[in-house]
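The structure appears right after this line, and notes come after that.
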Amino acid sequence: MPHIHEKYDFTIGVYIVFEDTVLLVNHPRYHKWIPIGGHVELDEDPEEALFREIAEETGLEVRLLGTKPLISSPGTKSLLTPAYLDVHEANIPHKHINLVYFGQATTNQAILSDEHTELKWFSVPELQKSQYHLEPIVVFYAQEAIERATHA
């Protein structure tokens with residue numbers, strides 16, 4: 001999806017864990033390994049975007065890690081709380097306000113979408129290997145996702 005706003009768009013990113021590995025994809029435009037994710041479109045909320053992106057980019061069944069209130073109120077929809085929030089550059093001067101989620105997959109049989117050149121399940125030691133040129137924030141979130149999934 002193209003950018004909606006000139007300066008900032010909202011995006012979601014999800015670090016999906018299977019056993020002791022985390023799924024990252026190689027993005028052709030950015031030439032780097034990143035989590036599954038994308039823009040929150042104008043007709044959806046962040047949680048809807050999260051489930052859409054997981055389905056489109058992996059085909060995996062994922063249990064999301066996080067919380068949301070179990071109470072309902074007329075006219076209000078509670079949303080899953082992201083694990084983290086960040087702002088990152090995307091086609092300067094444009095930026096993304098990114099909602100970071102963690103999830104657990106029931107299988108590691110992800111389907112490579114046409115949006116990416118590769119997908120790979122990374123172990124914690126592989127996240128440290130210089131050959132992948134992973135950004136420090138990606139390594140941090142990936143390790144946090146594995147840690148949280150292990151104790152979920």
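How things are named: the first chain in the structure tokens is A, the next is B, and so on; residues count from 1 in each chain; ligands count from 1 in the order shown.
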Handout entry: Picked from segment 36-144 of chain A by DSSP as strand (DSSP E or B), as a PyMOL selection string
Key = chain A and resi 36-39+62-65+73+76+84-89+95-105+118-123
Practice task
Give me the residues within 12 Å of Leu119 of chain A as a PyMOL selection string, counting only C-alpha atoms and dropping any in the same chain fewer than 2 places off.
Solution key: chain A and resi 16+22-28+32-36+57-58+108-117+121-122
Practice task
Name the residues of chain A that fall into helix (DSSP H, G or I) according to DSSP on the backbone, using the chain letters and numbers of this document, as a PyMOL selection string.
Solution key: chain A and resi 46-57+124-127+130-132+136-150
Residue subset to file, keeping C-alpha atoms, as a PDB file, in the first residue's frame:
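File out36.pdb, as written:
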ATOM      1  CA  PRO A  46      -4.228  -2.045  14.045  1.00  0.00           C
ATOM      2  CA  GLU A  47      -5.446  -5.487  15.123  1.00  0.00           C
ATOM      3  CA  GLU A  48      -7.205  -6.047  11.790  1.00  0.00           C
ATOM      4  CA  ALA A  49      -4.023  -4.959   9.991  1.00  0.00           C
ATOM      5  CA  LEU A  50      -2.020  -7.385  12.110  1.00  0.00           C
ATOM      6  CA  PHE A  51      -4.149 -10.408  11.190  1.00  0.00           C
ATOM      7  CA  ARG A  52      -4.320  -9.344   7.518  1.00  0.00           C
ATOM      8  CA  GLU A  53      -0.549  -8.992   7.233  1.00  0.00           C
ATOM      9  CA  ILE A  54       0.090 -12.355   8.931  1.00  0.00           C
ATOM     10  CA  ALA A  55      -2.302 -14.076   6.509  1.00  0.00           C
ATOM     11  CA  GLU A  56      -1.016 -12.272   3.399  1.00  0.00           C
ATOM     12  CA  GLU A  57       2.679 -12.639   4.142  1.00  0.00           C
ATOM     13  CA  VAL A 124      19.161 -16.501  18.854  1.00  0.00           C
ATOM     14  CA  PRO A 125      22.775 -17.276  17.766  1.00  0.00           C
ATOM     15  CA  GLU A 126      21.894 -16.549  14.111  1.00  0.00           C
ATOM     16  CA  LEU A 127      20.498 -13.142  15.086  1.00  0.00           C
ATOM     17  CA  SER A 130      27.106 -10.335  10.848  1.00  0.00           C
ATOM     18  CA  GLN A 131      26.274 -11.945   7.481  1.00  0.00           C
ATOM     19  CA  TYR A 132      22.598 -10.953   7.928  1.00  0.00           C
ATOM     20  CA  PRO A 136      20.109  -3.705  16.492  1.00  0.00           C
ATOM     21  CA  ILE A 137      16.416  -2.944  17.090  1.00  0.00           C
ATOM     22  CA  VAL A 138      15.381  -5.989  15.013  1.00  0.00           C
ATOM     23  CA  VAL A 139      17.723  -8.188  17.044  1.00  0.00           C
ATOM     24  CA  PHE A 140      16.352  -6.756  20.299  1.00  0.00           C
ATOM     25  CA  TYR A 141      12.699  -7.276  19.337  1.00  0.00           C
ATOM     26  CA  ALA A 142      13.412 -10.762  17.942  1.00  0.00           C
ATOM     27  CA  GLN A 143      15.172 -11.856  21.125  1.00  0.00           C
ATOM     28  CA  GLU A 144      12.390 -10.352  23.261  1.00  0.00           C
ATOM     29  CA  ALA A 145       9.770 -12.218  21.213  1.00  0.00           C
ATOM     30  CA  ILE A 146      11.567 -15.540  21.702  1.00  0.00           C
ATOM     31  CA  GLU A 147      11.967 -14.858  25.427  1.00  0.00           C
ATOM     32  CA  ARG A 148       8.315 -13.919  25.914  1.00  0.00           C
ATOM     33  CA  ALA A 149       7.059 -16.848  23.840  1.00  0.00           C
ATOM     34  CA  THR A 150       9.191 -19.224  25.900  1.00  0.00           C
TER      35      THR A 150
END
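Take atom CA of Gly103 of chain A and atom CA of Ala152 of chain A: the distance between them is 10.0 Å.
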Exercise for the section: Can you work out which one of A:Leu134, A:Glu118, A:Pro82, A:Leu99 has the shortest atom-to-atom distance to Gly13 of chain A, counting only C-alpha atoms? Expected result: A:Leu99
For Ala83 of chain A: contacts at 9 Å, only C-alpha atoms, fewer than 4 positions along chain excluded, given as a tab-separated table (two decimals) with N, CA and C atoms, in the first residue's frame:
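The resulting file, part-v3.tsv, is shown below:
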chain	number	residue	atom	x	y	z
A	65	LEU	N	0.72	-12.72	21.43
A	65	LEU	CA	1.08	-12.56	22.84
A	65	LEU	C	0.80	-11.12	23.23
A	66	GLY	N	0.06	-10.94	24.26
A	66	GLY	CA	-0.30	-9.61	24.71
A	66	GLY	C	-1.61	-9.65	25.45
A	99	LEU	N	3.70	-0.20	15.46
A	99	LEU	CA	3.19	-0.95	16.60
A	99	LEU	C	3.79	-2.34	16.49
A	100	VAL	N	4.59	-2.73	17.48
A	100	VAL	CA	5.34	-3.99	17.45
A	100	VAL	C	4.61	-5.04	18.30
A	101	TYR	N	4.30	-6.17	17.66
A	101	TYR	CA	3.61	-7.27	18.33
A	101	TYR	C	4.48	-8.51	18.31
A	102	PHE	N	4.17	-9.44	19.23
A	102	PHE	CA	4.82	-10.74	19.29
A	102	PHE	C	3.73	-11.81	19.18
A	145	ALA	N	10.89	-11.37	21.63
A	145	ALA	CA	9.77	-12.22	21.21
A	145	ALA	C	10.02	-13.67	21.59
Practice task
Identify which of the residues A:Thr76, A:Thr106, A:Thr67, A:Thr11 lies closest to Glu89 of chain A, counting only C-alpha atoms when measuring atom-to-atom distances.
Solution key: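 Looking at the shortest contact to Glu89 of chain A, the residue is A:Thr11.
For the choices A:Lys7, A:His88, A:His151, A:Lys120, the atom-to-atom distance to Glu135 of chain A is smallest for A:His88 when using only C-alpha atoms.
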Practice task
Would you work out the distance separating atom CA of Val14 of chain A from atom CA of His94 of chain A, expressed in Å to one decimal?
Solution key: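 Going from atom CA of Val14 of chain A over to atom CA of His94 of chain A covers 21.1 Å.
One distance worth recording is that between atom CA of Val62 of chain A and atom CA of Thr107 of chain A, which is 8.9 Å.
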Exercise for the section: Tell me which protein, DNA and RNA residues are within 6 Å of His96 of chain A, counting only C-alpha atoms, leaving out same-chain ones fewer than 5 positions away, and put them as a ChimeraX atom specification. Expected result: /A:8-10,87-88
Output N, CA and C atoms for every residue in that selection, as a PDB file, in the first residue's frame.
ATOM      1  N   TYR A   8       3.838  10.934   8.314  1.00  0.00           N
ATOM      2  CA  TYR A   8       3.774   9.723   9.125  1.00  0.00           C
ATOM      3  C   TYR A   8       2.632   8.816   8.676  1.00  0.00           C
ATOM      4  N   ASP A   9       2.889   7.506   8.725  1.00  0.00           N
ATOM      5  CA  ASP A   9       1.847   6.497   8.589  1.00  0.00           C
ATOM      6  C   ASP A   9       1.978   5.528   9.754  1.00  0.00           C
ATOM      7  N   PHE A  10       0.860   4.919  10.146  1.00  0.00           N
ATOM      8  CA  PHE A  10       0.882   3.877  11.163  1.00  0.00           C
ATOM      9  C   PHE A  10       1.132   2.538  10.486  1.00  0.00           C
ATOM     10  N   VAL A  87       9.260   4.721  16.072  1.00  0.00           N
ATOM     11  CA  VAL A  87       9.153   5.522  14.853  1.00  0.00           C
ATOM     12  C   VAL A  87      10.423   5.260  14.065  1.00  0.00           C
ATOM     13  N   HIS A  88      10.257   4.901  12.797  1.00  0.00           N
ATOM     14  CA  HIS A  88      11.446   4.676  11.973  1.00  0.00           C
ATOM     15  C   HIS A  88      11.291   5.344  10.614  1.00  0.00           C
TER      16      HIS A  88
END
Problem - Shell of 12 Å around Lys77 of chain A, only C-alpha atoms, local chain residues under 2 positions omitted, as a PyMOL selection string - result: chain A and resi 45-48+68-75+79-80
